[in-house]
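Asker: Pasting data_18.cif below, which is mmCIF, C-alpha atoms.
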data_protein
loop_
_atom_site.label_atom_id
_atom_site.label_comp_id
_atom_site.auth_asym_id
_atom_site.auth_seq_id
_atom_site.Cartn_x
_atom_site.Cartn_y
_atom_site.Cartn_z
CA MET E 1 76.99 129.39 151.22
CA THR E 2 75.61 128.76 147.73
CA VAL E 3 73.07 126.10 146.77
CA GLU E 4 75.86 124.30 144.84
CA THR E 5 78.00 124.14 148.00
CA LEU E 6 75.08 122.81 150.04
CA LEU E 7 74.34 120.11 147.46
CA GLU E 8 78.03 119.27 147.27
CA ASP E 9 78.28 118.95 151.06
CA ASP E 10 75.12 116.77 151.26
CA ALA E 11 76.76 114.12 149.09
CA LEU E 12 79.86 113.86 151.29
CA ARG E 13 80.49 110.70 153.27
CA ILE E 14 82.44 109.82 156.41
CA PRO E 15 85.14 107.12 156.34
CA GLY E 16 84.11 103.95 158.17
CA SER E 17 87.18 103.53 160.38
CA PRO E 18 90.83 104.48 160.85
CA ARG E 19 91.63 101.22 159.04
CA GLU E 20 89.74 102.47 155.97
CA MET E 21 91.68 105.73 156.18
CA PHE E 22 94.96 103.81 156.29
CA ARG E 23 93.91 101.74 153.26
CA VAL E 24 92.80 104.75 151.19
CA PHE E 25 95.85 106.86 152.05
CA ASN E 26 98.14 103.88 151.40
CA ALA E 27 96.60 103.36 147.96
CA LEU E 28 96.84 107.10 147.38
CA ALA E 29 100.53 107.14 148.25
CA LEU E 30 101.23 104.25 145.90
CA GLN E 31 99.54 106.04 142.98
CA GLY E 32 101.73 109.13 143.01
CA PHE E 33 105.32 109.35 141.91
CA GLY E 34 107.00 112.69 142.44
CA GLY E 35 103.84 114.13 143.95
CA VAL E 36 100.60 112.74 145.32
CA LEU E 37 98.66 116.00 145.39
CA PRO E 38 96.96 115.64 141.96
CA VAL E 39 95.90 112.11 142.84
CA ALA E 40 94.78 113.20 146.32
CA GLN E 41 92.26 115.64 144.92
CA ARG E 42 90.76 112.97 142.66
CA VAL E 43 90.66 110.29 145.38
CA LEU E 44 89.56 112.35 148.40
CA VAL E 45 87.12 114.69 146.63
CA GLU E 46 85.79 112.74 143.64
CA ARG E 47 86.07 109.05 144.55
CA GLN E 48 85.80 108.84 148.34
CA ARG E 49 83.77 112.08 148.69
CA TRP E 50 85.31 112.76 152.11
CA LEU E 51 85.84 116.44 151.22
CA SER E 52 84.27 119.02 148.94
CA LYS E 53 86.49 120.92 146.49
CA THR E 54 86.30 123.96 148.76
CA GLU E 55 87.31 121.98 151.84
CA PHE E 56 90.18 120.40 149.90
CA LEU E 57 91.44 123.85 148.87
CA GLU E 58 91.16 125.14 152.43
CA LEU E 59 93.13 122.18 153.82
CA LEU E 60 95.68 122.53 151.02
CA SER E 61 96.12 126.23 151.83
CA ILE E 62 96.74 125.48 155.50
CA SER E 63 99.05 122.56 154.72
CA GLN E 64 101.21 124.72 152.45
CA VAL E 65 102.13 127.16 155.19
CA LEU E 66 102.87 124.47 157.77
CA PRO E 67 106.34 122.92 157.86
CA GLY E 68 106.66 119.59 156.08
CA PRO E 69 105.20 118.03 152.94
CA ASN E 70 101.75 119.32 151.96
CA ILE E 71 100.18 115.91 151.56
CA ILE E 72 101.43 114.70 154.95
CA ASN E 73 100.03 117.82 156.61
CA MET E 74 96.72 117.21 154.82
CA SER E 75 96.62 113.55 155.85
CA ILE E 76 97.12 114.53 159.49
CA MET E 77 94.34 117.13 159.31
CA ILE E 78 91.91 114.85 157.46
CA GLY E 79 92.61 111.90 159.77
CA HIS E 80 92.20 114.06 162.86
CA ARG E 81 89.00 115.56 161.51
CA PHE E 82 87.29 112.16 161.33
CA PHE E 83 88.92 110.04 164.08
CA GLY E 84 91.07 112.32 166.22
CA TRP E 85 94.65 111.27 166.90
CA ARG E 86 93.95 107.67 165.77
CA GLY E 87 92.81 108.92 162.39
CA ALA E 88 95.80 111.24 162.08
CA VAL E 89 98.17 108.34 162.82
CA ALA E 90 96.32 105.97 160.45
CA ALA E 91 96.25 108.44 157.53
CA THR E 92 99.88 109.46 158.01
CA ALA E 93 101.04 105.86 158.33
CA GLY E 94 99.10 105.04 155.17
CA MET E 95 100.96 107.81 153.37
CA LEU E 96 104.41 106.79 154.61
CA VAL E 97 104.80 103.05 155.25
CA MET E 98 104.80 101.55 151.74
CA PRO E 99 106.52 104.50 150.03
CA LEU E 100 109.29 104.32 152.64
CA LEU E 101 109.87 100.65 151.91
CA ILE E 102 109.80 101.27 148.16
CA VAL E 103 112.22 104.20 148.39
CA LEU E 104 114.65 102.16 150.48
CA ALA E 105 114.54 99.34 147.91
CA LEU E 106 114.94 101.79 145.00
CA ALA E 107 117.85 103.54 146.72
CA ALA E 108 119.64 100.24 147.03
CA LEU E 109 118.90 99.46 143.37
CA PHE E 110 119.82 102.98 142.17
CA SER E 111 123.22 102.78 143.82
CA GLN E 112 123.89 99.82 141.51
CA LEU E 113 122.39 101.40 138.33
CA SER E 114 123.17 105.14 138.70
CA GLY E 115 125.82 105.11 135.97
CA ILE E 116 123.38 104.06 133.24
CA PRO E 117 122.22 107.10 131.18
CA ALA E 118 118.78 105.59 130.52
CA VAL E 119 118.07 105.44 134.26
CA ALA E 120 118.98 109.11 134.74
CA GLY E 121 116.87 110.10 131.71
CA ALA E 122 113.86 108.15 132.97
CA LEU E 123 114.00 109.95 136.32
CA ARG E 124 114.17 113.36 134.60
CA GLY E 125 111.14 112.42 132.49
CA MET E 126 109.16 111.43 135.58
CA GLY E 127 109.89 114.86 137.07
CA VAL E 128 108.29 116.54 134.06
CA VAL E 129 105.22 114.31 134.35
CA ALA E 130 104.88 115.18 138.05
CA ALA E 131 105.04 118.92 137.22
CA GLY E 132 102.31 118.44 134.61
CA LEU E 133 100.08 116.69 137.11
CA ILE E 134 100.43 119.59 139.53
CA VAL E 135 99.46 122.10 136.80
CA TYR E 136 96.46 119.91 135.90
CA THR E 137 95.30 119.89 139.53
CA ALA E 138 95.62 123.67 139.77
CA VAL E 139 93.49 124.14 136.64
CA LYS E 140 90.88 121.64 137.84
CA LEU E 141 90.57 123.27 141.26
CA GLY E 142 90.55 126.79 139.79
CA ALA E 143 86.75 126.80 139.57
CA ALA E 144 86.55 126.82 143.37
CA LEU E 145 88.39 130.17 143.39
CA ARG E 146 85.23 131.88 142.13
CA ALA E 147 83.77 131.40 145.62
CA ASN E 148 86.87 132.85 147.30
CA THR E 149 86.37 136.04 149.30
CA MET E 150 89.00 137.91 147.27
CA GLY E 151 87.46 136.96 143.91
CA LEU E 152 88.97 135.20 140.92
CA PRO E 153 91.00 138.12 139.46
CA ILE E 154 92.81 138.86 142.74
CA CYS E 155 93.49 135.15 143.36
CA LEU E 156 94.92 134.77 139.86
CA GLY E 157 96.99 137.92 140.44
CA TYR E 158 98.54 136.49 143.59
CA GLY E 159 99.15 133.20 141.78
CA GLY E 160 100.86 135.04 138.92
CA LEU E 161 103.01 137.07 141.31
CA THR E 162 104.05 133.88 143.09
CA LEU E 163 104.95 132.21 139.80
CA LEU E 164 106.93 135.28 138.74
CA ALA E 165 108.79 135.58 142.06
CA VAL E 166 109.69 131.91 142.42
CA GLY E 167 109.84 130.69 138.82
CA TRP E 168 111.45 133.61 137.05
CA LEU E 169 113.16 135.75 139.70
CA ARG E 170 114.22 132.66 141.70
CA TRP E 171 113.40 134.25 145.05
CA PRO E 172 113.44 131.86 148.04
CA MET E 173 110.03 130.26 148.55
CA VAL E 174 109.95 131.05 152.27
CA TRP E 175 110.17 134.82 151.63
CA VAL E 176 107.63 134.71 148.82
CA VAL E 177 105.15 132.80 151.02
CA LEU E 178 105.71 135.15 153.94
CA GLY E 179 105.51 138.30 151.81
CA LEU E 180 102.72 137.46 149.38
CA GLY E 181 100.97 135.37 152.03
CA ALA E 182 100.84 138.38 154.36
CA LEU E 183 99.51 140.56 151.52
CA ALA E 184 96.87 137.96 150.63
CA ILE E 185 95.77 137.69 154.26
CA ALA E 186 95.53 141.48 154.49
CA THR E 187 93.51 141.59 151.25
CA ALA E 188 91.11 138.92 152.51
CA TRP E 189 90.78 140.73 155.84
CA VAL E 190 89.86 143.98 154.09
CA LYS E 191 87.32 142.17 151.88
CA LEU E 192 85.76 140.38 154.89
CA ARG E 193 85.37 143.49 157.02
CA PRO E 194 81.74 144.63 157.35
#
Transcribe the structure of this file into structure tokens.

Answerer:
Amino acid sequence: MTVETLLEDDALRIPGSPREMFRVFNALALQGFGGVLPVAQRVLVERQRWLSKTEFLELLSISQVLPGPNIINMSIMIGHRFFGWRGAVAATAGMLVMPLLIVLALAALFSQLSGIPAVAGALRGMGVVAAGLIVYTAVKLGAALRANTMGLPICLGYGGLTLLAVGWLRWPMVWVVLGLGALAIATAWVKLRP
């Protein structure tokens, strides 16, 4: 553990109650359209200081290999970490309740407006913005990779291979995660051996 990590961990705080977790995760869910992950890093690490960047990356890594949406998996883990099952329920409910109501209302509205070209164009534009936010988050969290056991060049190599396999070769994500994930685990294991 470096001095920077120790100083970073000293400044972390614990949420006051499951109710606070519900409120923060609800506000978090309402800030993201097409993806909450970029907002989650800013809120949970920088504003609330519930997690360090390293902890956020570790939880994100675990949540990506579990079935279901990454941010829901993270909310369950973060909620459970602080308040057990009550925290997991509060954080997950915060992530889902209001967005569910909004999506139901928008679905009813979209069924009435789906034939208008401006509506379809606006939704395509929002998808591009969401992709940009994800790239921004990856760049911002990249500094934490320097502390990774495998080192920055190997991490970037695995990231590049993943981008190539999924983005260019169009391989199914499940096989890329299983294949490259197994290789990354093996690489980390070799690096961690005494």

Asker: Step by step, work through what the PyMOL selection byres ((chain E and resi 150) around 8) selects in the shown file, and finish by giving those residues as a ChimeraX atom specification.

Answerer: /E:148-149,151-152,154-155,187-188,191

Asker: Can you work out which one of E:Ala91, E:Pro99, E:Pro15, E:Asn73 has the shortest atom-to-atom distance to Ala29 in chain E, counting all atoms listed in the file?

Answerer: E:Pro99

Asker: Can you work out which one of E:Gly159, E:Gly167, E:Gly84, E:Gly125 has the shortest atom-to-atom distance to Ala184 in chain E, counting only C-alpha atoms?

Answerer: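 Smallest separation from Ala184 in chain E among the options: E:Gly159.
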
Asker: Between E:Leu161, E:Leu30, E:Ala122, E:Ile76, single out the one closest to Ile62 in chain E, counting all atoms listed in the file.

Answerer: E:Ile76

Asker: What's the separation between CA of Pro69 in chain E and CA of Ile134 in chain E, in Å to one decimal place?

Answerer: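 Atom-to-atom, CA of Pro69 in chain E to CA of Ile134 in chain E, that is 14.3 Å.
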
Asker: Applying the PyMOL selection byres ((chain E and resi 17) around 12) to the file I just gave you, which residues come out? Please list them as a list of chain:residue names.

Answerer: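 Residues picked by the PyMOL selection byres ((chain E and resi 17) around 12): E:Ile14, E:Pro15, E:Gly16, E:Pro18, E:Arg19, E:Glu20, E:Met21, E:Phe22, E:Arg23, E:Val24, E:Gly79, E:His80, E:Phe82, E:Phe83, E:Gly84, E:Arg86, E:Gly87, E:Ala88, E:Ala90, E:Ala91.
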
Asker: Please enumerate the residues selected by the PyMOL selection byres ((chain E and resi 49) around 12) when evaluated against the supplied file, formatted as a list of chain:residue names.

Answerer: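 This file gives the following for the PyMOL selection byres ((chain E and resi 49) around 12): E:Glu8, E:Asp9, E:Asp10, E:Ala11, E:Leu12, E:Arg13, E:Ile14, E:Pro15, E:Val24, E:Ala40, E:Gln41, E:Arg42, E:Val43, E:Leu44, E:Val45, E:Glu46, E:Arg47, E:Gln48, E:Trp50, E:Leu51, E:Ser52, E:Lys53, E:Glu55, E:Phe56.
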
Asker: Around (107.8, 132.4, 141.1), as given in the file, which residues come within 12 Å? Count only C-alpha atoms and list them as a VMD selection string.

Answerer: chain E and resid 158 to 177 180

Asker: Limited to C-alpha atoms, could you put the picked residues into a file as a compact mmCIF listing (two decimals), in the frame of the given file?

Answerer:
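File produced: result_14.txt:
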# COMPACT_ATOMS: atom_id res chain seq x y z
CA TYR E 158 98.54 136.49 143.59
CA GLY E 159 99.15 133.20 141.78
CA GLY E 160 100.86 135.04 138.92
CA LEU E 161 103.01 137.07 141.31
CA THR E 162 104.05 133.88 143.09
CA LEU E 163 104.95 132.21 139.80
CA LEU E 164 106.93 135.28 138.74
CA ALA E 165 108.79 135.58 142.06
CA VAL E 166 109.69 131.91 142.42
CA GLY E 167 109.84 130.69 138.82
CA TRP E 168 111.45 133.61 137.05
CA LEU E 169 113.16 135.75 139.70
CA ARG E 170 114.22 132.66 141.70
CA TRP E 171 113.40 134.25 145.05
CA PRO E 172 113.44 131.86 148.04
CA MET E 173 110.03 130.26 148.55
CA VAL E 174 109.95 131.05 152.27
CA TRP E 175 110.17 134.82 151.63
CA VAL E 176 107.63 134.71 148.82
CA VAL E 177 105.15 132.80 151.02
CA LEU E 180 102.72 137.46 149.38

Asker: Set the distance at 10 Å and use only C-alpha atoms: which residues neighbour Ala130 in chain E once local chain neighbours fewer than 2 positions away are removed? I'd like the list as a list in words.

Answerer: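 Residues meeting the cut-off are Gly32, Phe33, Gly34, Gly35, Val36, Leu37, Pro38, Gly125, Met126, Gly127, Val128, Gly132, Leu133, Ile134, Val135 and Tyr136 of chain E.
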
Asker: Based on the selection just made, write C-alpha atoms of those residues as a short mmCIF file (atom, residue, chain, number, x, y, z; two decimals), in the frame of the given file.

Answerer:
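Just written: result_12.cif:
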data_model
loop_
_atom_site.label_atom_id
_atom_site.label_comp_id
_atom_site.auth_asym_id
_atom_site.auth_seq_id
_atom_site.Cartn_x
_atom_site.Cartn_y
_atom_site.Cartn_z
CA GLY E 32 101.73 109.13 143.01
CA PHE E 33 105.32 109.35 141.91
CA GLY E 34 107.00 112.69 142.44
CA GLY E 35 103.84 114.13 143.95
CA VAL E 36 100.60 112.74 145.32
CA LEU E 37 98.66 116.00 145.39
CA PRO E 38 96.96 115.64 141.96
CA GLY E 125 111.14 112.42 132.49
CA MET E 126 109.16 111.43 135.58
CA GLY E 127 109.89 114.86 137.07
CA VAL E 128 108.29 116.54 134.06
CA GLY E 132 102.31 118.44 134.61
CA LEU E 133 100.08 116.69 137.11
CA ILE E 134 100.43 119.59 139.53
CA VAL E 135 99.46 122.10 136.80
CA TYR E 136 96.46 119.91 135.90
#

Asker: Box for range 156-169 of chain E - axis-aligned, 5 Å on each of the six sides, all listed atoms - centre and size in Å to one decimal, as JSON.

Answerer:
{"center_x": 104.0, "center_y": 134.3, "center_z": 140.3, "size_x": 28.2, "size_y": 17.2, "size_z": 16.5}

Asker: Figure out the distance between CA of Met98 in chain E and CA of Leu59 in chain E, please, to one decimal in Å.

Answerer: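 These two atoms are separated by 23.8 Å.
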